[in-house]
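Some notes on the structure that comes next.
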Amino acid sequence: MQITLSQEQTHLLELLVQQGRYASLEDAIDTALMFLADQITWNESEENSEYLAWFAQTRQKIEEGLEQSKRGESFDGEMVIARLRDKVKLAREVQA
């Protein structure tokens, strides 16, 4: 699929990439599309209180994680993945 952007849209995307906010034009567009999908999901789920509660909790956890990361309070990614794999393996063994 090909999409033609206006000059203003192109300029904005190029500016975001030049400022280092995104690695490429594609990354900037991907993020914009994710925000759009998020907005659509939000609008469609306004009546679903469970989803809204989960959404708010997830956003809060992300914000907390970002703040912890800024303070240097983060974990080694490989260690976290290894722990998650161990948990999945244990859960499968318990189910078997």
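So you can find residues: chains in the structure tokens are A, B, ... in the order shown, residues in each start at 1, and ligands are numbered from 1 in order.
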### Task
Going by DSSP on the backbone, which bits of chain A are alpha helix (DSSP H)? Write them as number ranges by chain, please.
A: 7-18, 25-44, 49-70, 77-95
### Task
Name all residues at most 12 Å from Ile3 (chain A) (count only C-alpha atoms; drop same-chain ones fewer than 5 positions away) and give them as a list in words.
Gln9, Thr10 and Ile29 of chain A
Could you write out the selected residues, including all heavy atoms, as a PDB file, in the first residue's frame?
ATOM      1  N   GLN A   9       2.753  16.967   6.992  1.00  0.00           N
ATOM      2  CA  GLN A   9       2.935  15.672   7.629  1.00  0.00           C
ATOM      3  C   GLN A   9       4.364  15.167   7.435  1.00  0.00           C
ATOM      4  O   GLN A   9       4.998  14.683   8.370  1.00  0.00           O
ATOM      5  CB  GLN A   9       1.937  14.661   7.064  1.00  0.00           C
ATOM      6  CG  GLN A   9       0.507  14.966   7.433  1.00  0.00           C
ATOM      7  CD  GLN A   9      -0.481  14.157   6.609  1.00  0.00           C
ATOM      8  OE1 GLN A   9      -0.208  13.797   5.451  1.00  0.00           O
ATOM      9  NE2 GLN A   9      -1.643  13.876   7.196  1.00  0.00           N
ATOM     10  N   THR A  10       4.853  15.296   6.216  1.00  0.00           N
ATOM     11  CA  THR A  10       6.225  14.872   5.918  1.00  0.00           C
ATOM     12  C   THR A  10       7.218  15.667   6.741  1.00  0.00           C
ATOM     13  O   THR A  10       8.160  15.096   7.322  1.00  0.00           O
ATOM     14  CB  THR A  10       6.522  15.035   4.418  1.00  0.00           C
ATOM     15  OG1 THR A  10       5.569  14.265   3.672  1.00  0.00           O
ATOM     16  CG2 THR A  10       7.921  14.582   4.074  1.00  0.00           C
ATOM     17  N   ILE A  29       5.780   6.666  12.075  1.00  0.00           N
ATOM     18  CA  ILE A  29       4.450   6.321  11.558  1.00  0.00           C
ATOM     19  C   ILE A  29       3.874   5.145  12.334  1.00  0.00           C
ATOM     20  O   ILE A  29       2.684   5.144  12.693  1.00  0.00           O
ATOM     21  CB  ILE A  29       4.511   6.028  10.047  1.00  0.00           C
ATOM     22  CG1 ILE A  29       4.824   7.325   9.289  1.00  0.00           C
ATOM     23  CG2 ILE A  29       3.204   5.406   9.547  1.00  0.00           C
ATOM     24  CD1 ILE A  29       5.141   7.132   7.825  1.00  0.00           C
TER      25      ILE A  29
END
### Task
Just give me the gap between CA of Lys87 (chain A) and CA of Ala56 (chain A) in Å, one decimal is fine.
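Taking CA of Lys87 (chain A) as the start and CA of Ala56 (chain A) as the end point, the length is 26.0 Å.
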### Atomic separation - CA of Thr41 (chain A) relative to CA of Gln19 (chain A), Å
29.6 Å
